[in-house]
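One file, entry_10.cif, carrying mmCIF, C-alpha atoms:
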data_work
loop_
_atom_site.label_atom_id
_atom_site.label_comp_id
_atom_site.auth_asym_id
_atom_site.auth_seq_id
_atom_site.Cartn_x
_atom_site.Cartn_y
_atom_site.Cartn_z
CA MET A 13 -8.59 32.80 -15.85
CA ILE A 14 -5.05 33.22 -17.18
CA LYS A 15 -3.87 30.21 -15.15
CA LYS A 16 -6.72 28.06 -16.46
CA ALA A 17 -6.08 29.07 -20.10
CA ARG A 18 -2.34 28.40 -19.72
CA LEU A 19 -2.95 24.94 -18.25
CA LYS A 20 -5.43 24.07 -21.04
CA HIS A 21 -2.86 25.12 -23.64
CA LEU A 22 -0.18 23.02 -21.90
CA ILE A 23 -2.45 19.95 -21.78
CA LYS A 24 -3.25 20.24 -25.50
CA ARG A 25 0.46 20.00 -26.26
CA LEU A 26 1.08 16.87 -24.15
CA PRO A 27 1.94 13.68 -26.04
CA ASN A 28 -0.01 10.41 -25.94
CA LEU A 29 3.09 8.66 -24.56
CA PRO A 30 3.91 7.01 -21.22
CA GLY A 31 5.59 9.12 -18.60
CA VAL A 32 5.52 10.92 -15.30
CA TYR A 33 3.84 14.23 -14.55
CA LYS A 34 4.55 16.64 -11.72
CA MET A 35 1.81 19.03 -10.60
CA LEU A 36 3.45 22.22 -9.35
CA GLY A 37 2.15 24.90 -6.99
CA LYS A 38 2.44 28.66 -7.16
CA ASN A 39 6.07 28.72 -5.99
CA GLY A 40 7.15 25.73 -8.10
CA ASP A 41 6.77 23.28 -5.22
CA ILE A 42 5.78 19.75 -6.24
CA LEU A 43 2.22 19.04 -5.11
CA TYR A 44 1.73 15.66 -6.75
CA VAL A 45 3.64 13.14 -8.87
CA GLY A 46 1.81 10.67 -11.06
CA LYS A 47 2.43 8.20 -13.88
CA ALA A 48 0.49 7.67 -17.07
CA LYS A 49 0.16 5.34 -20.01
CA SER A 50 -0.86 8.43 -21.97
CA LEU A 51 0.26 11.72 -20.43
CA LYS A 52 -2.30 13.72 -22.40
CA SER A 53 -5.39 11.78 -21.35
CA ARG A 54 -4.29 11.24 -17.74
CA VAL A 55 -3.41 14.87 -17.04
CA ASN A 56 -6.54 16.04 -18.89
CA SER A 57 -8.69 13.84 -16.60
CA TYR A 58 -7.82 16.07 -13.63
CA PHE A 59 -9.59 18.97 -15.28
CA ALA A 60 -12.85 17.14 -16.06
CA LYS A 61 -15.98 18.72 -14.62
CA THR A 62 -16.98 15.52 -12.85
CA ILE A 63 -14.22 15.35 -10.23
CA ASP A 64 -15.96 14.11 -7.07
CA HIS A 65 -13.16 13.59 -4.58
CA PRO A 66 -12.50 16.68 -2.40
CA LYS A 67 -8.75 15.95 -2.23
CA THR A 68 -8.50 15.94 -6.04
CA ARG A 69 -10.51 19.16 -6.30
CA ALA A 70 -8.19 20.79 -3.74
CA LEU A 71 -5.13 19.62 -5.68
CA VAL A 72 -6.45 20.95 -9.00
CA ALA A 73 -7.22 24.33 -7.41
CA ARG A 74 -3.56 24.67 -6.34
CA ILE A 75 -1.95 23.62 -9.68
CA HIS A 76 -0.08 26.45 -11.42
CA ASN A 77 2.13 24.42 -13.73
CA ILE A 78 2.68 20.86 -14.91
CA GLU A 79 6.01 19.29 -15.82
CA THR A 80 6.29 15.97 -17.64
CA ILE A 81 9.00 13.40 -18.21
CA ILE A 82 8.47 11.03 -21.14
CA THR A 83 9.57 7.44 -20.53
CA ARG A 84 10.08 4.45 -22.82
CA SER A 85 7.46 2.33 -21.06
CA GLU A 86 4.83 2.23 -18.33
CA THR A 87 7.22 0.20 -16.19
CA GLU A 88 9.89 2.88 -16.42
CA ALA A 89 7.23 5.48 -15.54
CA LEU A 90 6.20 3.48 -12.46
CA LEU A 91 9.76 3.23 -11.16
CA LEU A 92 10.47 6.90 -11.85
CA GLU A 93 7.22 7.93 -10.14
CA GLN A 94 8.09 5.96 -7.00
CA ASN A 95 11.60 7.42 -6.89
CA LEU A 96 10.30 10.98 -7.30
CA ILE A 97 7.68 10.47 -4.58
CA LYS A 98 10.29 9.15 -2.16
CA GLU A 99 12.68 12.00 -3.01
CA HIS A 100 10.27 14.95 -2.94
CA ARG A 101 7.45 13.68 -0.65
CA PRO A 102 4.67 15.68 -2.36
CA PRO A 103 1.77 16.52 -0.03
CA TYR A 104 -0.92 14.97 -2.26
CA ASN A 105 0.83 11.61 -2.76
CA VAL A 106 0.23 8.73 -0.39
CA LEU A 107 3.65 7.47 0.62
CA LEU A 108 4.32 3.73 0.48
CA ARG A 109 6.12 2.40 3.53
CA ASP A 110 8.76 -0.35 3.76
CA ASP A 111 8.93 -0.95 -0.02
CA LYS A 112 5.60 -2.80 0.18
CA SER A 113 4.92 -1.93 -3.45
CA TYR A 114 7.51 -4.37 -4.76
CA LEU A 115 7.36 -8.04 -5.60
CA TYR A 116 10.55 -9.80 -4.46
CA VAL A 117 12.28 -12.80 -6.03
CA PHE A 118 14.14 -14.69 -3.30
CA ILE A 119 16.94 -17.17 -4.03
CA SER A 120 18.36 -19.27 -1.20
CA ALA A 121 21.81 -20.85 -1.30
CA ASP A 122 21.07 -24.00 0.70
CA LYS A 123 22.03 -27.48 -0.56
CA LEU A 124 19.05 -27.15 -2.87
CA ILE A 125 18.44 -23.83 -4.53
CA HIS A 126 14.98 -22.48 -3.76
CA VAL A 127 13.38 -19.65 -5.70
CA TRP A 128 10.12 -18.04 -4.67
CA LEU A 129 8.15 -14.85 -5.23
CA THR A 130 6.63 -12.82 -2.44
CA VAL A 131 5.79 -9.39 -1.14
CA ALA A 132 7.77 -9.22 2.10
CA ALA A 133 8.80 -7.02 4.97
CA LYS A 134 12.37 -5.75 5.43
CA ALA A 135 12.98 -8.18 8.33
CA ILE A 136 12.64 -11.14 5.96
CA ILE A 137 14.76 -9.50 3.26
CA LYS A 138 17.78 -9.28 5.63
CA LYS A 139 17.81 -13.09 6.08
CA VAL A 140 17.95 -13.92 2.36
CA ASP A 141 21.12 -14.61 0.35
CA SER A 142 20.07 -12.95 -2.90
CA LEU A 143 17.04 -11.08 -4.14
CA ALA A 144 15.67 -8.91 -6.90
CA ARG A 145 12.64 -6.66 -6.75
CA PHE A 146 10.05 -5.87 -9.39
CA PRO A 147 7.01 -3.58 -9.45
CA LEU A 148 3.85 -5.47 -8.53
CA HIS A 149 2.20 -4.95 -11.90
CA MET A 150 4.94 -7.03 -13.55
CA ARG A 151 3.67 -10.22 -11.87
CA GLN A 152 2.77 -13.03 -14.24
CA LYS A 153 -0.90 -13.91 -14.13
CA LYS A 154 -0.41 -17.52 -15.17
CA ARG A 155 1.26 -20.15 -13.01
CA TRP A 156 4.70 -21.44 -13.86
CA SER A 157 5.28 -25.20 -13.93
#

Could I get this file's structure written as C-alpha cells?
Amino acid sequence: MIKKARLKHLIKRLPNLPGVYKMLGKNGDILYVGKAKSLKSRVNSYFAKTIDHPKTRALVARIHNIETIITRSETEALLLEQNLIKEHRPPYNVLLRDDKSYLYVFISADKLIHVWLTVAAKAIIKKVDSLARFPLHMRQKKRWS
C-alpha cells in the first residue's frame, strides 16, 4: 500500500509537458523507458483499472519509482527515448534493430544531384555519399513538387 500511495503522489506532481519517463524496479533498475506529449496523463494511464495487456500489468506490478526528464518538444522526447532504450536495454521495451525507426534523406553526388527520402537498411546507407536521418513521425504528409 505504501508503494501505491507514493506512486500516486508522484504522478499527481508530474507536469503536463513533453518528456521521457523511466519506470524503475525495486533495486533502481530501469524496467521501461517511454515518451509522452504530457508526462502526467501518459504515466497516469499505466495505473488505470482497465489495463488489459498482461505485459503491461506485469510491468506496473514491478514499478517502485518513476523518474522523468522534461524536454522542449515531442521530437526531442522521441530521440531521447530511443537513445535511453539503446543504452539501457530495459526488459519491457521492444528494441528496434538496424535503425529502422528513422527516415533517411539521401543525397548523391553524381553529375546530377539526386535527393530522396526512404527508410533503408544499413547496407544501402554505406553506398551513399551524404545522408541525414529523422524520426519517422517528422515525415511530411503532403507531397513536395

Just say which residues the PyMOL selection byres ((chain A and resi 53) around 12) picks in this file, as number ranges by chain. A: 23-31, 33, 47-52, 54-60

Can you write out the residues you just picked, keeping C-alpha atoms, as an mmCIF file, in the coordinates of the input?
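The resulting file, out_20.cif, is shown below:
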data_model
loop_
_atom_site.group_PDB
_atom_site.id
_atom_site.type_symbol
_atom_site.label_atom_id
_atom_site.label_comp_id
_atom_site.auth_asym_id
_atom_site.auth_seq_id
_atom_site.Cartn_x
_atom_site.Cartn_y
_atom_site.Cartn_z
ATOM 1 C CA ILE A 23 -2.450 19.950 -21.780
ATOM 2 C CA LYS A 24 -3.250 20.240 -25.500
ATOM 3 C CA ARG A 25 0.460 20.000 -26.260
ATOM 4 C CA LEU A 26 1.080 16.870 -24.150
ATOM 5 C CA PRO A 27 1.940 13.680 -26.040
ATOM 6 C CA ASN A 28 -0.010 10.410 -25.940
ATOM 7 C CA LEU A 29 3.090 8.660 -24.560
ATOM 8 C CA PRO A 30 3.910 7.010 -21.220
ATOM 9 C CA GLY A 31 5.590 9.120 -18.600
ATOM 10 C CA TYR A 33 3.840 14.230 -14.550
ATOM 11 C CA LYS A 47 2.430 8.200 -13.880
ATOM 12 C CA ALA A 48 0.490 7.670 -17.070
ATOM 13 C CA LYS A 49 0.160 5.340 -20.010
ATOM 14 C CA SER A 50 -0.860 8.430 -21.970
ATOM 15 C CA LEU A 51 0.260 11.720 -20.430
ATOM 16 C CA LYS A 52 -2.300 13.720 -22.400
ATOM 17 C CA ARG A 54 -4.290 11.240 -17.740
ATOM 18 C CA VAL A 55 -3.410 14.870 -17.040
ATOM 19 C CA ASN A 56 -6.540 16.040 -18.890
ATOM 20 C CA SER A 57 -8.690 13.840 -16.600
ATOM 21 C CA TYR A 58 -7.820 16.070 -13.630
ATOM 22 C CA PHE A 59 -9.590 18.970 -15.280
ATOM 23 C CA ALA A 60 -12.850 17.140 -16.060
#

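Across the structure, atom CA of Tyr104 of chain A and atom CA of Thr87 of chain A are spaced 21.9 Å apart.
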
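With atom CA of Met35 of chain A on one side and atom CA of Glu79 of chain A on the other, the separation reads 6.7 Å.
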
Find the residues around Val32 of chain A up to 6 Å (only C-alpha atoms counted), leave out those fewer than 3 positions away in its own chain, and share them as a PyMOL selection string. chain A and resi 46-47+80-81+89

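Atom pair atom CA of Leu43 of chain A / atom CA of Pro102 of chain A has a distance of 5.0 Å (rounded to one decimal).
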
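Put simply, the PyMOL selection byres ((chain A and resi 14-17) around 12) on this file hits Met13, Arg18, Leu19, Lys20, His21, Leu22, Ile23, Lys24, Gly37, Lys38, Phe59, Val72, Ala73, Arg74, Ile75, His76, Asn77 and Ile78 of chain A.
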
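Comparing A:Arg101, A:Val106, A:Pro66, A:Ser85 by their smallest distance to Ile42 of chain A, the closest is A:Arg101 (using all atoms listed in the file).
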
The centre and edge lengths of an axis-aligned box containing all atoms of segment 41-58 of chain A present in the file, extended by 5 Å on each side, are to be given in Å to one decimal, as AutoDock Vina command-line options.
--center_x -1.0 --center_y 14.3 --center_z -13.8 --size_x 25.5 --size_y 27.9 --size_z 27.3

Could you add N, CA and C atoms to segment 79-96 of chain A and give me the result as a PDB file, in the frame of the given file?
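As written to disk, rebuild_33.pdb reads:
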ATOM      1  N   GLU A  79       4.799  19.737 -15.124  1.00  0.00           N
ATOM      2  CA  GLU A  79       6.010  19.290 -15.820  1.00  0.00           C
ATOM      3  C   GLU A  79       5.848  17.807 -16.130  1.00  0.00           C
ATOM      4  N   THR A  80       6.378  17.383 -17.269  1.00  0.00           N
ATOM      5  CA  THR A  80       6.290  15.970 -17.640  1.00  0.00           C
ATOM      6  C   THR A  80       7.664  15.423 -17.998  1.00  0.00           C
ATOM      7  N   ILE A  81       7.797  14.132 -17.799  1.00  0.00           N
ATOM      8  CA  ILE A  81       9.000  13.400 -18.210  1.00  0.00           C
ATOM      9  C   ILE A  81       8.506  12.204 -19.014  1.00  0.00           C
ATOM     10  N   ILE A  82       8.879  12.140 -20.275  1.00  0.00           N
ATOM     11  CA  ILE A  82       8.470  11.030 -21.140  1.00  0.00           C
ATOM     12  C   ILE A  82       9.393   9.849 -20.869  1.00  0.00           C
ATOM     13  N   THR A  83       8.786   8.659 -20.757  1.00  0.00           N
ATOM     14  CA  THR A  83       9.570   7.440 -20.530  1.00  0.00           C
ATOM     15  C   THR A  83       9.363   6.477 -21.695  1.00  0.00           C
ATOM     16  N   ARG A  84      10.188   5.438 -21.730  1.00  0.00           N
ATOM     17  CA  ARG A  84      10.080   4.450 -22.820  1.00  0.00           C
ATOM     18  C   ARG A  84       8.954   3.464 -22.606  1.00  0.00           C
ATOM     19  N   SER A  85       8.502   3.324 -21.349  1.00  0.00           N
ATOM     20  CA  SER A  85       7.460   2.330 -21.060  1.00  0.00           C
ATOM     21  C   SER A  85       6.712   2.718 -19.788  1.00  0.00           C
ATOM     22  N   GLU A  86       5.595   2.038 -19.562  1.00  0.00           N
ATOM     23  CA  GLU A  86       4.830   2.230 -18.330  1.00  0.00           C
ATOM     24  C   GLU A  86       5.632   1.781 -17.119  1.00  0.00           C
ATOM     25  N   THR A  87       6.404   0.715 -17.293  1.00  0.00           N
ATOM     26  CA  THR A  87       7.220   0.200 -16.190  1.00  0.00           C
ATOM     27  C   THR A  87       8.259   1.233 -15.763  1.00  0.00           C
ATOM     28  N   GLU A  88       8.907   1.839 -16.730  1.00  0.00           N
ATOM     29  CA  GLU A  88       9.890   2.880 -16.420  1.00  0.00           C
ATOM     30  C   GLU A  88       9.199   4.057 -15.727  1.00  0.00           C
ATOM     31  N   ALA A  89       7.989   4.397 -16.166  1.00  0.00           N
ATOM     32  CA  ALA A  89       7.230   5.480 -15.540  1.00  0.00           C
ATOM     33  C   ALA A  89       6.903   5.147 -14.088  1.00  0.00           C
ATOM     34  N   LEU A  90       6.519   3.904 -13.821  1.00  0.00           N
ATOM     35  CA  LEU A  90       6.200   3.480 -12.460  1.00  0.00           C
ATOM     36  C   LEU A  90       7.408   3.625 -11.539  1.00  0.00           C
ATOM     37  N   LEU A  91       8.549   3.151 -11.986  1.00  0.00           N
ATOM     38  CA  LEU A  91       9.760   3.230 -11.160  1.00  0.00           C
ATOM     39  C   LEU A  91      10.187   4.677 -10.932  1.00  0.00           C
ATOM     40  N   LEU A  92      10.119   5.498 -11.984  1.00  0.00           N
ATOM     41  CA  LEU A  92      10.470   6.900 -11.850  1.00  0.00           C
ATOM     42  C   LEU A  92       9.513   7.615 -10.901  1.00  0.00           C
ATOM     43  N   GLU A  93       8.223   7.323 -11.028  1.00  0.00           N
ATOM     44  CA  GLU A  93       7.220   7.930 -10.140  1.00  0.00           C
ATOM     45  C   GLU A  93       7.541   7.606  -8.687  1.00  0.00           C
ATOM     46  N   GLN A  94       7.808   6.349  -8.391  1.00  0.00           N
ATOM     47  CA  GLN A  94       8.090   5.960  -7.000  1.00  0.00           C
ATOM     48  C   GLN A  94       9.348   6.642  -6.479  1.00  0.00           C
ATOM     49  N   ASN A  95      10.371   6.746  -7.317  1.00  0.00           N
ATOM     50  CA  ASN A  95      11.600   7.420  -6.890  1.00  0.00           C
ATOM     51  C   ASN A  95      11.368   8.904  -6.629  1.00  0.00           C
ATOM     52  N   LEU A  96      10.589   9.560  -7.489  1.00  0.00           N
ATOM     53  CA  LEU A  96      10.300  10.980  -7.300  1.00  0.00           C
ATOM     54  C   LEU A  96       9.462  11.226  -6.048  1.00  0.00           C
TER      55      LEU A  96
END
